[in-house]
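To start, the structure itself, in structure tokens.
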Amino acid sequence: MKHSQESRSSLALRYGEHRIRCAVRRSDSRTKGSISIHIEPSGRVLIDAPALASDSEIRLAAMRRVTWIYKRLSEIEDRLRLATTREYVSGETIYYLGRRYRLKVIGESNARSVRIRGGYIEVSTVDSSPASVKKALHDWYRNRARSVLADRLAEVSKQLRWVKVMPPVSFRAMKVQWGSCSPRGRITLNPDLVRAPKQCIDYVLTHELCHLKEHNHGARFYRLLDMHLPGWRRIKIRLDDMADAILAT
Ligand SMILES: [Zn+2]
């Protein structure tokens, strides 16, 4: 962990008749002249700037990319709209291990259950309200995640000689990440990852397991990842492209 001083402020950009609010984070760990802009999945715009950057310098850098910012925000808005209009009724598309399934809701069942049958994921609930279906489906995903991701982790670990013992794993729904690895070697995985293709799951696991050896994203980390999963960039793009569809469930 590197300790550095940070200060936070905000600014508003104009784009046509739109006003875009941005959070600004100045930090003395950034080199002079390097201003970067991130858009978080929630739609928050975050500008990272060196401690001594002036307001006008930051504004100028942001204005240069304002069209890009606006486009990204529009996409996020569309996605959020899509995600919130999901109704949990029969016929909707849902994903498991990268495969598309149709949701089939069976109401008025004696017990709650979820199972895969052909191209369908059948959810049986006592009542067929969207809230019950959603809960049943999410619990099922979580259980599948625990079993499938643990199996894949054991499998991927076998190929990596520095993984002598299986690292402790926990599961947590995260908006921004598929996984993370703590400095002490605890791996946290997003259970939604079980909706992605196996190849993408293995990529995320390999990435996290490489962190057991290289804790940051420095050149040595990427060299290690390149060595053990040479095609990871292509797989990452595939996962990024699928993320919106997969997560809108
Ligand atoms: Zn990482």
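How things are named: the first chain in the structure tokens is A, the next is B, and so on; residues count from 1 in each chain; ligands count from 1 in the order shown.
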Would you please extract all alpha helix (DSSP H) residues from range 107-219 of chain A, as assigned by DSSP on the backbone, and give them as number ranges by chain? A: 130-158, 198-210, 219
Just the selected residues (N, CA and C atoms), exported as a CSV table (one decimal), in the first residue's frame, please.
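File written: selection-v3.csv
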```csv
chain,number,residue,atom,x,y,z
A,130,PRO,N,-42.8,-11.6,-9.3
A,130,PRO,CA,-41.4,-11.3,-9.7
A,130,PRO,C,-40.5,-11.3,-8.6
A,131,ALA,N,-40.9,-10.8,-7.4
A,131,ALA,CA,-39.9,-10.8,-6.3
A,131,ALA,C,-39.5,-12.2,-5.9
A,132,SER,N,-40.5,-13.1,-5.8
A,132,SER,CA,-40.2,-14.5,-5.4
A,132,SER,C,-39.3,-15.2,-6.5
A,133,VAL,N,-39.6,-14.9,-7.8
A,133,VAL,CA,-38.8,-15.5,-8.8
A,133,VAL,C,-37.4,-15.0,-8.8
A,134,LYS,N,-37.3,-13.7,-8.6
A,134,LYS,CA,-36.0,-13.1,-8.6
A,134,LYS,C,-35.1,-13.6,-7.4
A,135,LYS,N,-35.8,-13.8,-6.3
A,135,LYS,CA,-35.1,-14.3,-5.1
A,135,LYS,C,-34.6,-15.7,-5.3
A,136,ALA,N,-35.5,-16.6,-5.9
A,136,ALA,CA,-35.2,-18.0,-6.1
A,136,ALA,C,-34.0,-18.1,-7.1
A,137,LEU,N,-34.1,-17.3,-8.2
A,137,LEU,CA,-33.1,-17.3,-9.2
A,137,LEU,C,-31.7,-16.8,-8.7
A,138,HIS,N,-31.7,-15.8,-7.9
A,138,HIS,CA,-30.5,-15.2,-7.3
A,138,HIS,C,-29.8,-16.2,-6.4
A,139,ASP,N,-30.6,-16.8,-5.5
A,139,ASP,CA,-30.1,-17.8,-4.6
A,139,ASP,C,-29.5,-19.0,-5.3
A,140,TRP,N,-30.2,-19.4,-6.4
A,140,TRP,CA,-29.7,-20.5,-7.2
A,140,TRP,C,-28.3,-20.1,-7.9
A,141,TYR,N,-28.2,-18.9,-8.4
A,141,TYR,CA,-27.0,-18.5,-9.0
A,141,TYR,C,-25.9,-18.5,-8.0
A,142,ARG,N,-26.2,-18.0,-6.8
A,142,ARG,CA,-25.2,-18.0,-5.7
A,142,ARG,C,-24.7,-19.4,-5.4
A,143,ASN,N,-25.6,-20.3,-5.3
A,143,ASN,CA,-25.2,-21.7,-5.0
A,143,ASN,C,-24.4,-22.3,-6.1
A,144,ARG,N,-24.8,-22.1,-7.3
A,144,ARG,CA,-24.0,-22.6,-8.4
A,144,ARG,C,-22.6,-21.9,-8.4
A,145,ALA,N,-22.6,-20.6,-8.2
A,145,ALA,CA,-21.3,-19.9,-8.1
A,145,ALA,C,-20.3,-20.6,-7.1
A,146,ARG,N,-20.8,-20.8,-6.0
A,146,ARG,CA,-20.0,-21.4,-4.9
A,146,ARG,C,-19.4,-22.7,-5.4
A,147,SER,N,-20.2,-23.6,-6.0
A,147,SER,CA,-19.7,-24.9,-6.4
A,147,SER,C,-18.8,-24.8,-7.7
A,148,VAL,N,-19.3,-24.1,-8.8
A,148,VAL,CA,-18.6,-24.0,-10.0
A,148,VAL,C,-17.3,-23.2,-9.9
A,149,LEU,N,-17.4,-22.1,-9.2
A,149,LEU,CA,-16.2,-21.3,-9.2
A,149,LEU,C,-15.1,-21.9,-8.3
A,150,ALA,N,-15.5,-22.6,-7.2
A,150,ALA,CA,-14.5,-23.3,-6.4
A,150,ALA,C,-13.9,-24.4,-7.2
A,151,ASP,N,-14.7,-25.2,-8.0
A,151,ASP,CA,-14.1,-26.2,-8.9
A,151,ASP,C,-13.1,-25.7,-9.9
A,152,ARG,N,-13.5,-24.6,-10.5
A,152,ARG,CA,-12.6,-24.0,-11.5
A,152,ARG,C,-11.3,-23.5,-10.8
A,153,LEU,N,-11.5,-22.9,-9.6
A,153,LEU,CA,-10.3,-22.3,-8.9
A,153,LEU,C,-9.3,-23.5,-8.6
A,154,ALA,N,-9.8,-24.6,-8.2
A,154,ALA,CA,-9.0,-25.7,-7.9
A,154,ALA,C,-8.2,-26.2,-9.2
A,155,GLU,N,-9.0,-26.2,-10.3
A,155,GLU,CA,-8.5,-26.7,-11.6
A,155,GLU,C,-7.4,-25.7,-12.1
A,156,VAL,N,-7.7,-24.4,-12.1
A,156,VAL,CA,-6.7,-23.4,-12.6
A,156,VAL,C,-5.5,-23.4,-11.7
A,157,SER,N,-5.7,-23.5,-10.4
A,157,SER,CA,-4.6,-23.5,-9.4
A,157,SER,C,-3.5,-24.5,-9.7
A,158,LYS,N,-4.0,-25.7,-10.2
A,158,LYS,CA,-3.1,-26.8,-10.5
A,158,LYS,C,-2.1,-26.4,-11.5
A,198,LYS,N,-17.1,-20.4,-19.4
A,198,LYS,CA,-16.1,-21.0,-18.6
A,198,LYS,C,-14.7,-20.4,-18.8
A,199,GLN,N,-14.4,-20.1,-20.1
A,199,GLN,CA,-13.2,-19.5,-20.5
A,199,GLN,C,-13.0,-18.1,-19.8
A,200,CYS,N,-14.0,-17.3,-19.7
A,200,CYS,CA,-14.0,-16.0,-19.0
A,200,CYS,C,-13.8,-16.2,-17.5
A,201,ILE,N,-14.4,-17.2,-16.9
A,201,ILE,CA,-14.3,-17.5,-15.5
A,201,ILE,C,-12.8,-17.9,-15.2
A,202,ASP,N,-12.2,-18.7,-16.1
A,202,ASP,CA,-10.9,-19.1,-15.9
A,202,ASP,C,-9.9,-17.9,-16.0
A,203,TYR,N,-10.2,-17.0,-16.9
A,203,TYR,CA,-9.4,-15.8,-17.0
A,203,TYR,C,-9.4,-15.0,-15.8
A,204,VAL,N,-10.6,-14.8,-15.2
A,204,VAL,CA,-10.7,-14.0,-14.0
A,204,VAL,C,-10.0,-14.7,-12.8
A,205,LEU,N,-10.1,-16.0,-12.7
A,205,LEU,CA,-9.4,-16.7,-11.7
A,205,LEU,C,-7.9,-16.7,-11.9
A,206,THR,N,-7.4,-16.8,-13.1
A,206,THR,CA,-6.0,-16.8,-13.3
A,206,THR,C,-5.5,-15.4,-13.0
A,207,HIS,N,-6.2,-14.3,-13.3
A,207,HIS,CA,-5.8,-13.0,-13.0
A,207,HIS,C,-5.6,-12.9,-11.4
A,208,GLU,N,-6.6,-13.3,-10.7
A,208,GLU,CA,-6.6,-13.2,-9.2
A,208,GLU,C,-5.5,-14.0,-8.7
A,209,LEU,N,-5.3,-15.2,-9.2
A,209,LEU,CA,-4.2,-16.1,-8.7
A,209,LEU,C,-2.8,-15.5,-9.0
A,210,CYS,N,-2.7,-14.8,-10.1
A,210,CYS,CA,-1.4,-14.2,-10.4
A,210,CYS,C,-1.1,-13.1,-9.3
A,219,ALA,N,4.3,-4.3,-14.5
A,219,ALA,CA,4.8,-5.1,-15.7
A,219,ALA,C,5.0,-6.5,-15.4
```
Report as a ChimeraX atom specification which protein, DNA and RNA residues come within 12 Å of ligand 1, using only C-alpha atoms and all ligand atoms. /A:177-183,187-189,203-218,221-222,225
Store the residues of this selection in a file with C-alpha atoms, as a tab-separated table (two decimals), in the first residue's frame.
```
chain	number	residue	atom	x	y	z
A	177	GLN	CA	-15.44	-6.06	-10.31
A	178	TRP	CA	-15.50	-9.75	-11.12
A	179	GLY	CA	-12.91	-10.52	-8.51
A	180	SER	CA	-10.22	-9.18	-6.23
A	181	CYS	CA	-7.30	-10.44	-4.22
A	182	SER	CA	-6.37	-8.94	-0.85
A	183	PRO	CA	-2.73	-8.28	0.10
A	187	ILE	CA	-9.70	-14.00	-3.13
A	188	THR	CA	-13.15	-12.45	-3.41
A	189	LEU	CA	-15.32	-13.43	-6.35
A	203	TYR	CA	-9.41	-15.84	-17.04
A	204	VAL	CA	-10.71	-13.97	-13.97
A	205	LEU	CA	-9.43	-16.73	-11.67
A	206	THR	CA	-6.00	-16.76	-13.35
A	207	HIS	CA	-5.81	-12.98	-12.97
A	208	GLU	CA	-6.57	-13.18	-9.25
A	209	LEU	CA	-4.22	-16.11	-8.68
A	210	CYS	CA	-1.41	-14.16	-10.38
A	211	HIS	CA	-1.95	-11.54	-7.67
A	212	LEU	CA	-0.84	-14.08	-5.07
A	213	LYS	CA	2.60	-13.66	-6.62
A	214	GLU	CA	2.44	-10.09	-7.91
A	215	HIS	CA	0.16	-7.92	-5.82
A	216	ASN	CA	-0.18	-4.93	-8.15
A	217	HIS	CA	-0.80	-4.42	-11.85
A	218	GLY	CA	2.83	-3.75	-12.70
A	221	PHE	CA	2.11	-9.01	-13.13
A	222	TYR	CA	1.23	-8.79	-16.82
A	225	LEU	CA	-0.44	-13.43	-16.84
```
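Considering the residues A:Ser90, A:Ser129, A:Leu239, A:Met63 and counting only C-alpha atoms, Arg14 in chain A has its shortest atom-to-atom contact with A:Met63.
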Identify, with DSSP run on backbone atoms, the residues in range 75-248 of chain A assigned to strand (DSSP E), and express the list as a ChimeraX atom specification. /A:93-96,99-106,113-117,120-124,169-171,179-181,187-189
